[in-house]
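Structure below is coords_1.csv: CSV, C-alpha atoms.
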chain,number,residue,atom,x,y,z
A,26,MET,CA,7.9,1.2,-12.3
A,27,LEU,CA,6.3,3.0,-9.4
A,28,SER,CA,2.6,3.9,-9.6
A,29,SER,CA,2.2,5.7,-6.3
A,30,TRP,CA,2.8,9.4,-5.5
A,31,PRO,CA,3.1,11.2,-2.2
A,32,ARG,CA,0.5,13.9,-2.1
A,33,PRO,CA,0.0,16.9,0.2
A,34,THR,CA,-2.4,16.8,3.1
A,35,THR,CA,-3.2,19.3,5.8
A,36,ALA,CA,-1.1,17.2,8.2
A,37,ASP,CA,0.9,14.0,8.0
A,38,VAL,CA,1.5,12.5,4.5
A,39,GLY,CA,-0.9,11.1,1.9
A,40,LEU,CA,-0.3,8.6,-0.9
A,41,ARG,CA,-2.3,8.2,-4.1
A,42,SER,CA,-1.8,4.9,-6.1
A,43,PHE,CA,-3.0,3.7,-9.4
A,44,ALA,CA,-3.1,0.1,-10.8
A,45,SER,CA,-4.8,-1.9,-13.5
A,46,SER,CA,-6.4,-4.4,-11.0
A,47,LEU,CA,-7.5,-4.4,-7.3
A,48,ALA,CA,-4.8,-6.9,-6.3
A,49,ARG,CA,-2.1,-4.8,-8.1
A,50,LEU,CA,-3.4,-1.7,-6.3
A,51,PHE,CA,-2.7,-3.3,-2.9
A,52,GLU,CA,0.8,-4.1,-4.2
A,53,GLU,CA,1.5,-0.6,-5.6
A,54,THR,CA,0.3,1.1,-2.4
A,55,ALA,CA,2.5,-1.1,-0.2
A,56,LEU,CA,5.5,-0.3,-2.4
A,57,GLY,CA,4.6,3.4,-2.4
A,58,MET,CA,4.5,3.4,1.4
A,59,GLN,CA,7.8,1.5,1.7
A,60,SER,CA,9.5,3.8,-0.8
A,61,TYR,CA,8.3,6.8,1.2
A,62,LEU,CA,10.0,5.4,4.4
A,63,LEU,CA,13.4,4.7,2.8
A,64,ALA,CA,16.3,7.1,3.3
A,65,GLU,CA,18.5,5.0,0.9
A,66,PRO,CA,17.9,2.3,-1.7
A,67,ILE,CA,17.7,-1.3,-0.5
A,68,PRO,CA,21.2,-2.8,-0.6
A,69,LYS,CA,21.7,-4.9,-3.7
A,70,ASP,CA,23.4,-7.7,-1.7
A,71,SER,CA,20.5,-8.2,0.7
A,72,ILE,CA,19.4,-11.8,1.3
A,73,HIS,CA,15.7,-12.1,0.3
A,74,HIS,CA,13.3,-14.4,2.1
A,75,SER,CA,9.9,-15.6,1.0
A,76,SER,CA,6.8,-15.8,3.1
A,77,VAL,CA,3.0,-15.6,2.9
A,78,TRP,CA,1.3,-12.8,4.8
A,79,THR,CA,-2.4,-12.8,5.3
A,80,VAL,CA,-5.0,-10.2,6.5
A,81,GLN,CA,-8.7,-10.3,6.5
A,82,VAL,CA,-11.7,-8.1,7.4
A,83,SER,CA,-15.4,-8.8,7.8
A,84,HIS,CA,-17.8,-7.5,5.1
A,85,HIS,CA,-18.4,-3.8,5.5
A,86,ASP,CA,-19.6,-0.9,3.4
A,87,ASP,CA,-15.9,0.1,3.0
A,88,GLU,CA,-14.4,-3.4,3.1
A,89,MET,CA,-11.7,-2.6,0.4
A,90,GLY,CA,-10.6,0.5,2.3
A,91,LEU,CA,-10.5,-1.4,5.6
A,92,LEU,CA,-8.6,-4.2,3.9
A,93,LEU,CA,-6.0,-1.8,2.5
A,94,VAL,CA,-5.5,-0.2,6.0
A,95,LYS,CA,-5.1,-3.7,7.5
A,96,TRP,CA,-2.6,-4.7,4.8
A,97,LEU,CA,-0.5,-1.6,5.3
A,98,GLU,CA,-0.7,-2.0,9.1
A,99,GLU,CA,0.5,-5.6,8.7
A,100,ILE,CA,3.5,-4.4,6.7
A,101,LEU,CA,4.4,-1.9,9.4
A,102,TYR,CA,4.0,-4.5,12.1
A,103,MET,CA,6.2,-7.0,10.3
A,104,ASP,CA,8.9,-4.4,10.0
A,105,GLU,CA,8.7,-3.0,13.5
A,106,VAL,CA,8.0,-6.2,15.5
A,107,GLU,CA,9.1,-9.1,13.3
A,108,GLU,CA,12.0,-7.1,11.7
A,109,LYS,CA,11.0,-8.1,8.2
A,110,TRP,CA,11.1,-5.3,5.6
A,111,LEU,CA,8.7,-5.9,2.6
A,112,VAL,CA,10.6,-5.7,-0.7
A,113,GLU,CA,8.0,-7.1,-3.1
A,114,SER,CA,4.6,-8.8,-3.0
A,115,THR,CA,2.1,-10.6,-5.2
A,116,VAL,CA,-1.4,-10.1,-3.8
A,117,LYS,CA,-4.6,-12.2,-4.2
A,118,VAL,CA,-7.9,-11.0,-2.8
A,119,ASP,CA,-10.6,-13.5,-2.0
A,120,ARG,CA,-14.0,-13.2,-0.4
A,121,ASN,CA,-16.4,-15.7,1.2
A,122,THR,CA,-19.8,-15.2,2.9
A,123,GLU,CA,-18.2,-13.9,6.1
A,124,MET,CA,-15.1,-11.9,5.1
A,125,ILE,CA,-12.7,-10.7,2.5
A,126,MET,CA,-9.1,-11.9,2.7
A,127,LEU,CA,-5.8,-10.6,1.2
A,128,GLN,CA,-3.1,-13.2,0.8
A,129,ALA,CA,0.3,-12.0,-0.3
A,130,GLN,CA,3.4,-14.0,-1.4
A,131,VAL,CA,6.1,-11.6,-0.2
A,132,LEU,CA,9.8,-11.2,-0.5
A,133,TRP,CA,11.4,-9.5,2.5
A,134,ILE,CA,14.8,-8.7,3.9
A,135,ALA,CA,16.0,-8.1,7.5
A,136,SER,CA,14.8,-4.7,8.6
A,137,ASP,CA,18.3,-3.8,10.0
A,138,GLU,CA,19.6,-3.8,6.4
A,139,ILE,CA,17.6,-0.7,5.5
A,140,LYS,CA,17.8,3.0,6.6
A,141,LYS,CA,14.5,4.8,7.1
A,142,GLU,CA,14.0,8.5,6.6
A,143,VAL,CA,10.7,8.7,8.6
A,144,GLU,CA,8.5,6.5,10.7
A,145,ILE,CA,4.8,6.0,10.2
A,146,LYS,CA,2.9,5.9,13.5
A,147,ALA,CA,-0.4,4.8,11.9
A,148,VAL,CA,-2.4,4.2,8.7
A,149,THR,CA,-5.5,6.4,9.1
A,150,ARG,CA,-9.0,6.3,7.6
A,151,GLN,CA,-8.9,10.0,6.9
A,152,ASP,CA,-9.7,10.7,3.2
A,153,LEU,CA,-9.4,6.9,2.6
A,154,VAL,CA,-10.5,5.8,-0.9
A,155,VAL,CA,-10.2,2.5,-2.7
A,156,SER,CA,-12.2,2.8,-5.9
A,157,GLU,CA,-12.5,1.5,-9.4
A,158,VAL,CA,-12.2,3.9,-12.4
A,159,GLY,CA,-14.3,2.9,-15.4
A,160,HIS,CA,-13.0,2.6,-19.0
A,161,GLY,CA,-12.3,6.0,-20.4
A,162,VAL,CA,-13.1,7.8,-17.2
A,163,VAL,CA,-10.4,10.4,-16.3
A,164,LEU,CA,-9.6,10.8,-12.6
A,165,ASP,CA,-8.3,14.4,-12.3
A,166,SER,CA,-5.8,15.1,-9.6
A,167,PRO,CA,-6.2,18.1,-7.3
A,168,TRP,CA,-2.4,18.0,-6.6
A,169,VAL,CA,0.3,19.1,-9.0
A,170,GLU,CA,2.6,16.4,-7.7
A,171,VAL,CA,0.1,13.6,-8.8
A,172,PRO,CA,-0.8,12.9,-12.4
A,173,THR,CA,-4.3,12.3,-13.7
A,174,PHE,CA,-5.4,8.7,-14.4
A,175,GLU,CA,-7.6,7.3,-17.1
A,176,GLY,CA,-9.5,4.1,-16.5
A,177,PRO,CA,-10.0,1.3,-16.6
A,178,GLY,CA,-8.2,0.6,-13.4
A,179,TRP,CA,-8.2,1.2,-9.6
A,180,TYR,CA,-6.9,4.0,-7.4
A,181,SER,CA,-6.4,4.6,-3.7
A,182,ASP,CA,-5.8,7.5,-1.4
A,183,VAL,CA,-4.5,6.9,2.0
A,184,VAL,CA,-3.1,9.2,4.7
A,185,PHE,CA,-0.3,8.2,7.2
A,186,ASP,CA,0.2,9.6,10.7
A,187,ILE,CA,3.9,10.3,10.9
In structure tokens, write the structure found in this file.
Amino acid sequence: MLSSWPRPTTADVGLRSFASSLARLFEETALGMQSYLLAEPIPKDSIHHSSVWTVQVSHHDDEMGLLLVKWLEEILYMDEVEEKWLVESTVKVDRNTEMIMLQAQVLWIASDEIKKEVEIKAVTRQDLVVSEVGHGVVLDSPWVEVPTFEGPGWYSDVVFDI
């Protein structure tokens, strides 16, 4: 079940994601980005590999937003440079006194097994949001393509430069 929806922006493409937890939000947003890029479904006979991918950021006023950008950039890097296409991930977010770290157990396939419809040049900080929605709070959507969301849970908005 996908919990991310492409949403309109003045330029490029935006994505809104919903999830029940912060870690799941990072997973859903990654899957939403990957889904947006695909021209065709992933071949069913693809050989899946397992790895651990890690990103981290120093503490900051918008550390969750920065961590999301870094995570999505890592996924794009792994595809473009390492030729590893993310299929699935299980994310864990930890913090210490100096930084916040995302560690993901991932399943990936060779990038040459997939066909992309578009390329993402960059993950931007334009309109970037990573936020918790309280119990019973309704997050209205300004876009007809994107449903409303009722908390508790988390949501993100991210814009990609294509």
Within 10 Å of region 144-164 of chain A, which residues of region 49-76 of chain A come that close, and what is the closest atom pair and distance in Å for each? Count all atoms listed in the file and give it as a Markdown table.
| residue | atom | partner | partner_atom | distance |
| --- | --- | --- | --- | --- |
| A:Leu50 | CA | A:Val155 | CA | 8.8 |
| A:Phe51 | CA | A:Val155 | CA | 9.5 |
| A:Met58 | CA | A:Ile145 | CA | 9.2 |
| A:Tyr61 | CA | A:Glu144 | CA | 9.5 |
| A:Leu62 | CA | A:Glu144 | CA | 6.6 |
| A:Leu63 | CA | A:Glu144 | CA | 9.5 |
So how far away is CA of Arg41 (chain A) from CA of Glu107 (chain A), in Å?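 Atom-to-atom, CA of Glu107 (chain A) to CA of Arg41 (chain A), that is 27.1 Å.
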Identify, on the basis of all atoms listed in the file, every residue whose closest approach to region 82-98 of chain A does not exceed 12 Å; exclude the query and any residue fewer than 6 positions from it along the same chain; express the result as a PyMOL selection string. chain A and resi 40+42+47-59+104-106+111+114+116-129+145-157+179-186
CA of Gln130 (chain A) to CA of Glu113 (chain A), straight-line distance in Å: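 Computing it gives 8.5 Å between the two atoms.
CA of His74 (chain A) to CA of Val38 (chain A) spans 29.5 Å [interatomic distance, one decimal].
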Please tell me which residues are no farther than 12 Å from (19.6, 2.6, 5.0) in the file, counting all atoms listed in the file, and write them as a ChimeraX atom specification. /A:60,62-69,71,110,135-143
Subset file as a compact mmCIF listing (two decimals), in the first residue's frame: region 61-136 of chain A, C-alpha atoms:
# COMPACT_ATOMS: atom_id res chain seq x y z
CA TYR A 61 7.50 8.36 -9.43
CA LEU A 62 10.71 7.57 -11.33
CA LEU A 63 9.60 4.22 -12.75
CA ALA A 64 8.28 3.88 -16.30
CA GLU A 65 7.39 0.20 -15.77
CA PRO A 66 6.96 -2.09 -12.76
CA ILE A 67 10.07 -3.76 -11.36
CA PRO A 68 10.58 -7.12 -13.09
CA LYS A 69 9.31 -9.96 -10.89
CA ASP A 70 12.35 -12.13 -11.64
CA SER A 71 14.89 -9.53 -10.42
CA ILE A 72 17.53 -10.76 -8.00
CA HIS A 73 17.25 -8.87 -4.72
CA HIS A 74 20.31 -7.98 -2.66
CA SER A 75 20.45 -6.82 0.95
CA SER A 76 22.56 -3.99 2.39
CA VAL A 77 22.60 -1.39 5.14
CA TRP A 78 22.61 2.24 4.02
CA THR A 79 23.31 4.99 6.55
CA VAL A 80 23.04 8.79 6.49
CA GLN A 81 23.43 11.33 9.26
CA VAL A 82 23.12 15.05 9.92
CA SER A 83 24.22 17.29 12.75
CA HIS A 84 21.53 18.62 15.09
CA HIS A 85 19.68 21.52 13.49
CA ASP A 86 16.35 23.36 13.80
CA ASP A 87 15.10 21.34 10.81
CA GLU A 88 17.10 18.16 11.41
CA MET A 89 14.29 15.82 10.34
CA GLY A 90 13.83 17.70 7.07
CA LEU A 91 17.57 17.68 6.43
CA LEU A 92 17.75 13.97 7.29
CA LEU A 93 14.95 13.25 4.80
CA VAL A 94 16.75 15.20 2.05
CA LYS A 95 20.01 13.39 2.82
CA TRP A 96 18.22 9.98 2.77
CA LEU A 97 16.56 10.67 -0.59
CA GLU A 98 19.85 11.99 -2.02
CA GLU A 99 21.57 8.80 -0.85
CA ILE A 100 18.97 6.70 -2.69
CA LEU A 101 19.53 8.71 -5.89
CA TYR A 102 23.31 8.40 -5.46
CA MET A 103 23.12 4.64 -4.95
CA ASP A 104 21.11 4.34 -8.16
CA GLU A 105 23.17 6.69 -10.31
CA VAL A 106 26.67 5.89 -9.06
CA GLU A 107 26.53 2.46 -7.41
CA GLU A 108 23.81 1.17 -9.80
CA LYS A 109 21.67 -0.12 -6.91
CA TRP A 110 17.92 0.53 -7.22
CA LEU A 111 16.13 0.67 -3.86
CA VAL A 112 13.14 -1.71 -3.78
CA GLU A 113 12.32 -1.76 -0.06
CA SER A 114 13.71 -0.44 3.22
CA THR A 115 13.26 -0.74 6.96
CA VAL A 116 14.41 2.47 8.61
CA LYS A 117 15.63 3.17 12.13
CA VAL A 118 16.28 6.74 13.32
CA ASP A 119 18.65 7.31 16.25
CA ARG A 120 20.10 10.40 17.84
CA ASN A 121 23.04 11.12 20.06
CA THR A 122 24.41 14.35 21.50
CA GLU A 123 26.05 15.37 18.22
CA MET A 124 23.84 14.08 15.42
CA ILE A 125 20.81 12.22 14.19
CA MET A 126 21.34 9.09 12.12
CA LEU A 127 19.15 7.08 9.78
CA GLN A 128 20.10 3.44 9.30
CA ALA A 129 18.17 1.44 6.71
CA GLN A 130 18.15 -2.26 6.00
CA VAL A 131 17.49 -2.22 2.26
CA LEU A 132 16.62 -4.58 -0.55
CA TRP A 133 17.92 -3.47 -3.92
CA ILE A 134 18.25 -4.70 -7.48
CA ALA A 135 20.71 -3.78 -10.22
CA SER A 136 19.67 -0.42 -11.70
